[in-house]
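Participant: Got a structure here, written out as C-alpha cells. Questions coming.
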Amino acid sequence: MMKRLIATLAVATLALTGAGRAEDKPAKVTVGYLNLVNAQLVTKHLGLLAKEMPGVDIKYVKIGGGGDMLRAIAGNDVDFGGLGNPPTAIGATRALPIKGILVINMLDYVESMVVRTDKNITSLKDLKGKTVAAPFGSTTHYLLLQALKDEGVDPASMKILDLAPSDIAAAWLRGDIDAAWFWEPNLGKTVKNGGRILVTSGEMAKRGYPTWDIGVVMNAFAEKYPSYVDKFIKAECEGIDFWLKNPEKTAEIIAEELSLPIEDAQRMMKGTGMIPCSKQLTEEYLGTSAKKGKFVDTLISTADFLVKQERLPKLLPRADFEAFIQPAYLEKVIGR
Amino acid sequence: MSIEATHMTIPISPDRTRRGSLRLRLPKVSRSVLLSTLTVAVLLAGWAIVTERGWANELFLPKPQAVWAAFVKTMTKGYQGATLLQHLGASLYRILTAFTLACLIGIPLGVLMGVSRNARALLNPLIEFYRPLPPLGLYTLLVMWLGIGESSKLSLLFLAGLPGIVISTIQAVTSVDPVYVRAAQSLGATRRHLLFHVYLPAAGPLILAGMRISLGFTYTVLVAAEIVAASAGIGWMIWDAAKFLLSDVVIMGLIVLGLTGVVLDLMMRGIAKLLMPWA
C-alpha cells in the first residue's frame with residue numbers, strides 16, 4: 001500500500017515536472033564542425049557544450065568542406081553545422097531548412113592561394129596553362145573564380161580541378177598541381193614543400209569579397225528546442241572568448257586537436273578572424289533582428305556570382321537572405 | 001552441364017516442335033515487353049503524382065519535367081564546360097579502356113589458373129585478398145601512387161573489373177567436361193589445340209557471363225573514380241551537381257548512367273551471340 005502510494009506520487013511528480021517544463025530535452029545533439037582552425041575546436045576541446053547541456057549526448061562530426069556539410073544538412077545528419085558563404089548562399093537559395101545564428105570566423109590568410117615557387121608564378125596571369133586545384137563549391141573556389149574574373153584571366157585557359165583539401169596536399173607533394181587555393185591545416189604542408197602564398201583570402205576581403213563561416217541550426221531543432229540553440233551559442237561564445245583571452249593555451253589546444261607543431265597552430269590562429277559575440281550584432285556582421293548586417297550583402301553577391309556560374313538556378317530576393325540570418329538567439333544570449 | 005545439354009537437344013529435336021515453340025514464343029515476348037513497359041510507366045506515373053501533389057520536397061525529388069529540362073540543357077548547352085555527350089564520352093572511354101584491359105589480363109590469367117593448379121595456388125591469395133577491398137579505400141592509395149590523373153582512375157576501374165573476370169574464367173575452365181579434353185587428346189590434340197578448340201569454346205559462355213558481371217562492377221565504381229580531380233564524366237557531373245544541390249542534374253545523370261549500362265550489357269550479349277552462336 002505504502003509502496004504503491006510512493007510509486008503513484010513519484011509518477012505524478014514526474015508528470016507534473018514534465019508538463020511544467022516548456023520544452024523537451026534532446027537526447028542527443030550532433031554538431032558538424034568544419035575541418036578548419038577556429039574557436040569551435042576550443043569549445044569542443046574544453047567540453048563547453050557538454051557543460052551547457054548536462055545529460056545530453058553530444059556528438060561532434062568533422063566535415064571536410066562546405067559541399068559535404070550541405071549534404072549532411074540536406075540529409076538531416078546534424079543539428080548544428082558551419083558553412084562558408086558560398087555553401088550558405090547555395091543552401092539559402094535551395095531553401096535548406098537552416099538558419100544562420102552565429103559568426104564562426106572571418107577568413108584571413110588561413111585560406112590562401114599557394115603556388116609552386118619553381119614555376120615562376122608571380123600573378124594570376126601566369127596561371128595560364130597550369131593546373132590549379134580548389135574544393136569546388138567552397139569559399140576558396142569562389143574567391144579563385146572571382147579573382148580570375150577581376151584580373152581578366154579566362155578560367156578555361158588553365159586546368160581547374162576539384163579536390164578535397166587533404167587530396168590537394170597529397171597531389172601537391174606528388175607534383176601533380178601547380179597552384180591551389182585552400183585552407184589550413186593542409187595549406188601549411190604545401191608552403192613547406194616548395195610553395196609560396198600568392199593571394200590570401202584576407203586580401204580578397206579588402207577588395208570587397210569577404211569570406212566567412214557561419215554557424216547554422218536546423219529549423220526543426222530550433223523550433224523544438226529553442227533554449228538549446230541559446231545554450232549552443234553560449235558555449236561557442238565562451239570558446240571565442242577563451243581564444244581571444246588565452247592565445248597560448250588556445251594554440252596548445254589547436255596543436256593537439258589537429259596534431260600540429262605549436263608554431264603552426266599559432267600562425268594559423270593569426271590568419272583567422274575571431275569575432276567576440278558582443279560585436280557580432282553590429283552592422284559589419286550579422287546585424288540585429290531589426291536591421292540585418294553586411295552578411296546579407298555578402299550572401300547576395302555570392303549567390304549572384306554562383307548564378308552567373310550556372311551553379312544556382314536563380315537569384316532570390318533580398319528578403320529570403322535576410323530571413324536566413326537570425327540574430328534573435330544571439331540577441332537573447334547577450335541580453336539585448 | 002548446359003553445354004552438354006544443348007549439344008544433345010539441338011540435333012534431336014524435330015522440326016515440327018521447333019516451329020511450334022516459335023509460334024508460342026512470340027506472344028510471350030510481347031507480353032514480357034508489355035509487363036516491362038508497365039513497370040516503367042507505373043514508376044514514372046508515381047514519380048509525377050508524388051511531385052505534382054507536393055508530397056516530396058523538390059530539393060530531394062524534382063519533377064520529371066525538371067529532370068527532362070536538365071537533360072535538354074545539358075545536351076545542348078552543357079554542364080560546367082562539357083555537353084552531356086562529352087561527359088558520357090569521357091566516362092565511356094574510362095570504363096571501356098579499363099574493362100578491355102581487365103579482359104585482356106583477366107581471361108588469360110583465369111585460363112592459366114583454371115588449367116594449372118600451381119598457378120592457382122600461386123595467384124589465389126592476391127586475388128582473394130584485394131577482391132573484397134572497398135574501392136574508395138583502395139583509391140586513396142592509388143591516388144598517392146599514381147597521382148590525380150587518368151592513370152589512377154583507370155587503375156581503380158581496372159581493379160574493380162578484374163577479379164570478376166578471373167574468378168568466372170577459372171570456374172568456366174574447371175567446369176569443362178574432362179571427357180572433351182580426353183577425347184581431343186586421344187585424337188592427338190596439342191596443348192594449343194586444347195586451349196583454342198576445347199577449353200575456350202566450351203568455357204566461352206561462362207566467361208562471357210563473368211565479363212558481363214565484371215562490366216557491372218566497373219560501372220559501379222565510376223562515380224568513386226571520378227570524384228577525385230576529374231573535370232568531365234557522368235560520375236563527376238553527378239558528384240559536382242550534388243555539391244550545389246542540383247538534384248535535377250543528379251537524377252538526370254543517374255538515369256543516363258543506368259540506361260548506358262543497359263545498352264552496354266545488350267551490346268555484350270550481341271557480341272556473345274556473334275562470337276558464340278552455340279551458347
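Residues in the C-alpha cells are named by chain (A, B, ... in the order shown) and by number from 1 within that chain; ligands are numbered from 1 in the order shown.
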Please report as a list in words which residues of chain B come no farther than 7 Å from chain A, using only C-alpha atoms.
Facilitator: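 For chain B, the answer reads Leu59, Met144, Gly147, Ile148, Val228, Ala229, Ala230, Ser231, Lys243 and Phe244 of chain B.
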Participant: Take the selection from the previous step and output its residues with C-alpha atoms, as a short mmCIF file (atom, residue, chain, number, x, y, z; two decimals), in the first residue's frame.
Facilitator:
```
data_model
loop_
_atom_site.label_atom_id
_atom_site.label_comp_id
_atom_site.auth_asym_id
_atom_site.auth_seq_id
_atom_site.Cartn_x
_atom_site.Cartn_y
_atom_site.Cartn_z
CA LEU B 59 15.10 19.63 -53.29
CA MET B 144 49.04 8.64 -53.76
CA GLY B 147 48.61 10.83 -58.96
CA ILE B 148 45.33 12.52 -59.72
CA VAL B 228 39.00 12.96 -57.38
CA ALA B 229 40.21 15.66 -59.74
CA ALA B 230 38.02 14.99 -62.74
CA SER B 231 36.55 17.83 -64.76
CA LYS B 243 27.63 19.75 -54.10
CA PHE B 244 25.42 22.52 -55.44
#
```
Participant: Please, which residues in range 169-231 of chain B fall within 10 Å of range 79-101 of chain B when counting only C-alpha atoms, and what is the closest atom pair and distance in Å to one decimal for each, ordered by chain then residue number, as CSV?
Facilitator:
```
residue,atom,partner,partner_atom,distance
B:Met211,CA,B:Phe99,CA,8.7
B:Ser214,CA,B:Phe99,CA,8.1
B:Leu215,CA,B:Phe99,CA,6.5
B:Gly216,CA,B:Phe99,CA,10.0
B:Phe217,CA,B:Phe99,CA,9.8
B:Thr218,CA,B:Ile95,CA,6.7
B:Tyr219,CA,B:Ile95,CA,6.9
B:Val221,CA,B:Ile95,CA,9.6
B:Leu222,CA,B:Ile95,CA,7.6
B:Val223,CA,B:Ser91,CA,9.3
B:Ala225,CA,B:Arg94,CA,9.5
B:Glu226,CA,B:Ser91,CA,8.5
B:Ala230,CA,B:Ala90,CA,9.8
B:Ser231,CA,B:Gln80,CA,8.5
```
Participant: When you look at Thr288 in chain A with a cut-off of 6 Å (counting only C-alpha atoms), what residues show up, excluding the ones that are within fewer than 4 positions of it in the same chain? I need them as a list in words.
Facilitator: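 Result of the neighbour search: Leu281, Lys292 and Pro327 of chain A.
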Participant: Take the residues from that selection and put them in a file with N, CA and C atoms, as a short mmCIF file (atom, residue, chain, number, x, y, z; two decimals), in the first residue's frame.
Facilitator:
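Heads up, here's the output in result-v1.cif:
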```
data_model
loop_
_atom_site.label_atom_id
_atom_site.label_comp_id
_atom_site.auth_asym_id
_atom_site.auth_seq_id
_atom_site.Cartn_x
_atom_site.Cartn_y
_atom_site.Cartn_z
N LEU A 281 26.65 41.48 -33.45
CA LEU A 281 25.35 42.06 -33.79
C LEU A 281 25.48 43.44 -34.42
N LYS A 292 19.37 43.88 -40.41
CA LYS A 292 20.39 42.86 -40.68
C LYS A 292 21.66 43.50 -41.23
N PRO A 327 19.58 36.76 -36.01
CA PRO A 327 20.37 37.17 -34.84
C PRO A 327 19.59 37.05 -33.53
#
```
Participant: Could you write out, as a PyMOL selection string, all the residues of range 59-242 of chain A that DSSP marks as helix (DSSP H, G or I)?
Facilitator: chain A and resi 66-74+85-93+117-119+124-127+139-151+155-157+165-174+186-192+201-206+219-224+226-242
